[in-house]
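J.: This one is run_8.tsv, TSV, C-alpha atoms.
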```tsv
chain	number	residue	atom	x	y	z
Y	323	MET	CA	-175.49	-14.76	34.21
Y	324	SER	CA	-179.16	-14.00	34.71
Y	325	SER	CA	-181.86	-15.75	32.75
Y	326	LEU	CA	-185.51	-15.35	31.87
Y	327	VAL	CA	-188.26	-17.46	30.34
Y	328	VAL	CA	-190.76	-15.42	28.36
Y	329	VAL	CA	-194.08	-17.22	28.14
Y	330	LEU	CA	-195.87	-15.64	25.19
Y	331	SER	CA	-199.50	-16.58	24.66
Y	332	GLY	CA	-201.74	-15.69	21.77
Y	333	SER	CA	-204.74	-14.91	23.94
Y	334	PRO	CA	-205.73	-14.29	27.55
Y	335	SER	CA	-207.88	-17.43	27.24
Y	336	ASP	CA	-204.62	-19.41	27.46
Y	337	ALA	CA	-204.22	-18.38	31.13
Y	338	ASP	CA	-204.75	-21.86	32.61
Y	339	TRP	CA	-202.16	-23.43	30.27
Y	340	VAL	CA	-199.70	-20.61	30.97
Y	341	ALA	CA	-200.25	-21.04	34.73
Y	342	LYS	CA	-199.18	-24.69	34.47
Y	343	ILE	CA	-195.98	-23.71	32.68
Y	344	ARG	CA	-195.20	-20.93	35.15
Y	345	LYS	CA	-195.91	-23.21	38.15
Y	346	THR	CA	-193.07	-25.51	37.10
Y	347	LEU	CA	-190.77	-22.57	36.33
Y	348	ASP	CA	-191.55	-21.08	39.75
Y	349	GLU	CA	-190.85	-24.43	41.47
Y	350	LEU	CA	-187.44	-24.45	39.79
Y	351	GLU	CA	-186.91	-20.78	40.70
Y	352	VAL	CA	-186.58	-19.77	37.04
Y	353	PRO	CA	-187.44	-16.11	36.48
Y	354	ASN	CA	-190.33	-15.83	34.05
Y	355	VAL	CA	-192.82	-13.38	32.65
Y	356	TRP	CA	-196.13	-13.84	30.82
Y	357	ARG	CA	-196.88	-11.66	27.82
Y	358	VAL	CA	-199.89	-11.76	25.49
Y	359	GLY	CA	-199.70	-11.07	21.78
Y	360	SER	CA	-201.42	-12.65	18.82
Y	361	ALA	CA	-199.43	-13.24	15.64
Y	362	HIS	CA	-202.68	-12.85	13.70
Y	363	ARG	CA	-204.31	-9.92	15.49
Y	364	VAL	CA	-201.39	-7.77	16.66
Y	365	PRO	CA	-198.21	-8.90	14.85
Y	366	GLU	CA	-196.53	-5.50	15.34
Y	367	HIS	CA	-196.98	-5.81	19.11
Y	368	VAL	CA	-195.51	-9.32	19.05
Y	369	LEU	CA	-192.51	-8.17	17.02
Y	370	THR	CA	-191.91	-5.32	19.48
Y	371	LEU	CA	-191.98	-7.78	22.39
Y	372	LEU	CA	-189.65	-10.18	20.60
Y	373	THR	CA	-187.14	-7.43	19.83
Y	374	HIS	CA	-187.22	-6.23	23.42
Y	375	TYR	CA	-186.59	-9.64	24.99
Y	376	ASP	CA	-184.20	-10.97	22.34
Y	377	ASN	CA	-181.99	-7.90	22.96
Y	378	ALA	CA	-182.18	-8.18	26.75
Y	379	PRO	CA	-178.93	-8.79	28.66
Y	380	GLU	CA	-180.33	-12.03	30.16
Y	381	SER	CA	-180.24	-15.44	28.57
Y	382	VAL	CA	-183.80	-15.83	27.27
Y	383	VAL	CA	-185.89	-18.82	26.27
Y	384	PHE	CA	-189.34	-18.24	24.79
Y	385	ILE	CA	-192.27	-20.60	25.37
Y	386	THR	CA	-195.14	-19.88	23.00
Y	387	VAL	CA	-198.69	-20.89	23.83
Y	388	ALA	CA	-201.06	-20.73	20.88
Y	389	GLY	CA	-203.53	-23.16	19.47
Y	390	MET	CA	-205.46	-23.54	16.23
Y	391	SER	CA	-203.10	-22.28	13.53
Y	392	ASP	CA	-200.08	-21.66	15.72
Y	393	ALA	CA	-198.50	-18.77	13.84
Y	394	LEU	CA	-197.11	-17.38	17.09
Y	395	SER	CA	-194.42	-20.05	17.46
Y	396	GLY	CA	-193.20	-19.68	13.89
Y	397	LEU	CA	-193.26	-15.89	14.02
Y	398	THR	CA	-191.29	-15.98	17.25
Y	399	ALA	CA	-188.72	-18.51	16.05
Y	400	ALA	CA	-188.19	-16.64	12.78
Y	401	ASN	CA	-187.48	-13.35	14.56
Y	402	VAL	CA	-185.31	-14.21	17.57
Y	403	SER	CA	-181.90	-15.75	18.11
Y	404	SER	CA	-183.02	-17.35	21.38
Y	405	PRO	CA	-184.55	-20.84	21.71
Y	406	VAL	CA	-188.32	-21.12	21.20
Y	407	ILE	CA	-190.47	-23.93	22.60
Y	408	ALA	CA	-194.03	-24.23	21.26
Y	409	CYS	CA	-196.49	-25.55	23.83
Y	410	PRO	CA	-199.92	-25.50	22.17
Y	411	PRO	CA	-202.88	-25.96	24.50
Y	412	ALA	CA	-204.55	-29.36	24.29
Y	413	GLU	CA	-207.60	-29.20	22.06
Y	414	ASN	CA	-210.05	-31.80	20.85
Y	415	ALA	CA	-211.05	-29.77	17.82
Y	416	PHE	CA	-209.98	-31.28	14.52
Y	417	GLY	CA	-209.15	-34.52	16.31
Y	418	GLY	CA	-206.12	-32.82	17.85
Y	419	LEU	CA	-204.56	-32.35	14.41
Y	420	ASP	CA	-204.23	-28.58	14.89
Y	421	VAL	CA	-200.95	-29.44	16.66
Y	422	LEU	CA	-199.47	-29.98	13.20
Y	423	SER	CA	-199.23	-26.20	12.79
Y	424	SER	CA	-196.70	-26.24	15.65
Y	425	LEU	CA	-194.75	-29.12	14.13
Y	426	ARG	CA	-194.68	-28.31	10.42
Y	427	THR	CA	-192.71	-25.15	9.89
Y	428	PRO	CA	-190.52	-24.07	6.98
Y	429	PRO	CA	-186.75	-24.62	7.04
Y	430	GLY	CA	-185.07	-22.03	9.25
Y	431	VAL	CA	-188.18	-21.56	11.40
Y	432	ASP	CA	-187.22	-23.78	14.29
Y	433	PRO	CA	-189.54	-23.88	17.29
Y	434	LEU	CA	-189.18	-27.02	19.37
Y	435	THR	CA	-192.48	-28.50	20.53
Y	436	ALA	CA	-193.51	-29.86	23.92
Y	437	LEU	CA	-197.15	-30.85	24.30
Y	438	HIS	CA	-197.24	-30.90	28.10
Y	439	PRO	CA	-196.79	-27.60	29.96
Y	440	THR	CA	-194.50	-29.16	32.57
Y	441	ASN	CA	-192.25	-30.51	29.83
Y	442	ALA	CA	-192.06	-27.13	28.10
Y	443	ALA	CA	-190.99	-25.52	31.37
Y	444	LEU	CA	-188.44	-28.25	32.10
Y	445	ALA	CA	-186.98	-27.98	28.60
Y	446	ALA	CA	-186.59	-24.22	28.98
Y	447	ALA	CA	-184.98	-24.68	32.40
Y	448	LYS	CA	-182.55	-27.29	31.05
Y	449	ILE	CA	-181.50	-24.94	28.26
Y	450	LEU	CA	-180.81	-22.19	30.79
Y	451	ALA	CA	-179.07	-24.67	33.13
Y	452	LEU	CA	-176.31	-25.11	30.55
Y	453	GLN	CA	-174.88	-21.89	32.00
Y	454	ASP	CA	-176.28	-22.13	35.55
Y	455	PRO	CA	-174.96	-24.94	37.80
Y	456	ALA	CA	-177.38	-24.04	40.63
Y	457	LEU	CA	-180.36	-24.41	38.29
Y	458	LYS	CA	-178.97	-27.72	37.09
Y	459	GLU	CA	-178.98	-28.94	40.71
Y	460	ARG	CA	-182.56	-27.75	41.22
Y	461	ILE	CA	-183.58	-29.70	38.10
Y	462	ARG	CA	-181.84	-32.81	39.44
Y	463	ALA	CA	-183.67	-32.42	42.76
Y	464	ASN	CA	-186.97	-32.03	40.88
Y	465	GLN	CA	-186.26	-35.21	38.92
Y	466	ALA	CA	-185.38	-37.09	42.11
Y	467	ALA	CA	-188.62	-35.95	43.76
Y	468	ARG	CA	-190.63	-37.15	40.77
Y	469	ALA	CA	-188.85	-40.50	40.85
Y	470	LYS	CA	-189.46	-40.81	44.60
Y	471	ASN	CA	-193.20	-40.23	44.06
Y	472	VAL	CA	-193.32	-43.20	41.68
Y	473	LEU	CA	-191.30	-45.44	43.98
Y	474	ASP	CA	-193.43	-44.45	47.00
Y	475	ALA	CA	-196.58	-45.25	45.04
Y	476	ASP	CA	-195.18	-48.66	44.13
Y	477	SER	CA	-194.24	-49.36	47.74
Y	478	ALA	CA	-197.71	-48.35	48.91
Y	479	GLN	CA	-199.31	-50.76	46.43
Y	480	ASN	CA	-197.13	-53.66	47.57
Y	481	SER	CA	-197.10	-53.29	51.32
```
Could you rewrite the structure in this file as structure tokens?
T.:
Amino acid sequence: MSSLVVVLSGSPSDADWVAKIRKTLDELEVPNVWRVGSAHRVPEHVLTLLTHYDNAPESVVFITVAGMSDALSGLTAANVSSPVIACPPAENAFGGLDVLSSLRTPPGVDPLTALHPTNAALAAAKILALQDPALKERIRANQAARAKNVLDADSAQNS
């Protein structure tokens, strides 16, 4: 079965954060697309996108990228049957407490939250790997490579 990760950002200013997510997805060979739609400014556009992708024949996971008052993640989760992962861009404003808008959602509005873009991409890939053994193997290889980097660094420090 084919799969797709839809990275939905609230603004084009999120491009750098989105690029980090898509880099990991591309490394894992996970098909992905970036769409832009603000829950505050163009909610009708966002709902049209959500309907389109949630009704697609592929298995879809959404990763939402929105900061400040992250309405995008909640709006997405409340309107799709697919998994949603909120990945708000790191901000120093408000002492970083704006992340609470991604974490505190009403019952039945269920976005998961990953604060690091790599982790959001990996979580989406792992969800899709439940039905894709080849993707599961690519994830295992990615994990092994990350582990090897740590072990190589340790060896270099102690040689």
J.: Nearest to Y:Ala393: which of Y:Thr346, Y:Asn464, Y:Asn414, Y:Ser423 is it, counting only C-alpha atoms?
T.: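 Among the listed residues, the smallest separation from Y:Ala393 belongs to Y:Ser423.
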J.: Show me, as a tab-separated table, the residues of stretch 345-383 of chain Y having an atom within 9 Å of stretch 396-404 of chain Y, each with the closest atom pair and its distance in Å, using all atoms listed in the file.
T.:
```
residue	atom	partner	partner_atom	distance
Y:Ala361	CA	Y:Leu397	CA	6.9
Y:Pro365	CA	Y:Leu397	CA	8.6
Y:Val368	CA	Y:Thr398	CA	8.1
Y:Leu369	CA	Y:Asn401	CA	7.6
Y:Leu372	CA	Y:Val402	CA	6.7
Y:Thr373	CA	Y:Val402	CA	7.4
Y:Tyr375	CA	Y:Val402	CA	8.8
Y:Asp376	CA	Y:Val402	CA	5.9
Y:Asn377	CA	Y:Val402	CA	8.9
Y:Ser381	CA	Y:Ser404	CA	7.9
Y:Val382	CA	Y:Ser404	CA	6.1
Y:Val383	CA	Y:Ser404	CA	5.9
```
J.: Please save C-alpha atoms of the selected residues as a PDB file, in the frame of the given file.
T.:
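Written file, again.pdb:
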```pdb
ATOM      1  CA  ALA Y 361    -199.430 -13.240  15.640  1.00  0.00           C
ATOM      2  CA  PRO Y 365    -198.210  -8.900  14.850  1.00  0.00           C
ATOM      3  CA  VAL Y 368    -195.510  -9.320  19.050  1.00  0.00           C
ATOM      4  CA  LEU Y 369    -192.510  -8.170  17.020  1.00  0.00           C
ATOM      5  CA  LEU Y 372    -189.650 -10.180  20.600  1.00  0.00           C
ATOM      6  CA  THR Y 373    -187.140  -7.430  19.830  1.00  0.00           C
ATOM      7  CA  TYR Y 375    -186.590  -9.640  24.990  1.00  0.00           C
ATOM      8  CA  ASP Y 376    -184.200 -10.970  22.340  1.00  0.00           C
ATOM      9  CA  ASN Y 377    -181.990  -7.900  22.960  1.00  0.00           C
ATOM     10  CA  SER Y 381    -180.240 -15.440  28.570  1.00  0.00           C
ATOM     11  CA  VAL Y 382    -183.800 -15.830  27.270  1.00  0.00           C
ATOM     12  CA  VAL Y 383    -185.890 -18.820  26.270  1.00  0.00           C
TER      13      VAL Y 383
END
```
J.: Once you count only C-alpha atoms, what closest atom pair and distance in Å to one decimal does each residue of stretch 360-404 of chain Y within 12 Å of stretch 333-336 of chain Y have, with rows by chain and rising residue number, as a tab-separated table?
T.:
```
residue	atom	partner	partner_atom	distance
Y:Ser360	CA	Y:Ser333	CA	6.5
Y:Ala361	CA	Y:Ser333	CA	10.0
Y:His362	CA	Y:Ser333	CA	10.6
Y:Arg363	CA	Y:Ser333	CA	9.8
Y:Val364	CA	Y:Ser333	CA	10.7
Y:Val368	CA	Y:Ser333	CA	11.8
Y:Thr386	CA	Y:Asp336	CA	10.5
Y:Val387	CA	Y:Asp336	CA	7.1
Y:Ala388	CA	Y:Ser333	CA	7.5
Y:Gly389	CA	Y:Asp336	CA	8.9
Y:Met390	CA	Y:Ser333	CA	11.6
Y:Asp392	CA	Y:Ser333	CA	11.6
Y:Leu394	CA	Y:Ser333	CA	10.5
```
J.: Residues around (-188.3, -13.6, 28.8), cut-off 12 Å, counting only C-alpha atoms - what are they as a PyMOL selection string?
T.: chain Y and resi 324-330+344+347+352-357+371-386+402+404-406+446+450
J.: For Y:Ile461, find every residue with an atom within 9 Å (counting all atoms listed in the file), except residues of its own chain fewer than 2 positions away, and show them as JSON, numbers by chain.
T.: {"Y": [350, 444, 447, 448, 451, 456, 457, 458, 459, 463, 464, 465, 466]}
J.: Please report the interatomic distance between atom CA of Y:Ser331 and atom CA of Y:Ser424 in Å with one decimal.
T.: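 Rounded to one decimal, the two atoms are 13.5 Å apart.
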J.: Between atom CA of Y:Ala337 and atom CA of Y:Arg460, what is the distance in Å, rounded to a tenth?
T.: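 Separating atom CA of Y:Ala337 from atom CA of Y:Arg460 is a distance of 25.7 Å.
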J.: So the first atom is atom CA of Y:Gln453 and the second is atom CA of Y:Gly430; what is the distance between them in Å, to one decimal place?
T.: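 Separation of atom CA of Y:Gln453 and atom CA of Y:Gly430: 24.9 Å.
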J.: Specify the axis-aligned box that encloses all atoms of stretch 400-411 of chain Y listed in the file after padding of 8 Å on each side, stating its centre and edge lengths in Å to one decimal as JSON.
T.:
```
{"center_x": -192.4, "center_y": -19.7, "center_z": 18.6, "size_x": 37.0, "size_y": 28.6, "size_z": 27.7}
```
J.: Under the rule that all atoms listed in the file are counted, which of Y:Leu452, Y:Ser391, Y:Asn441, Y:Ala412 is the nearest residue to Y:Arg426?
T.: Y:Ser391
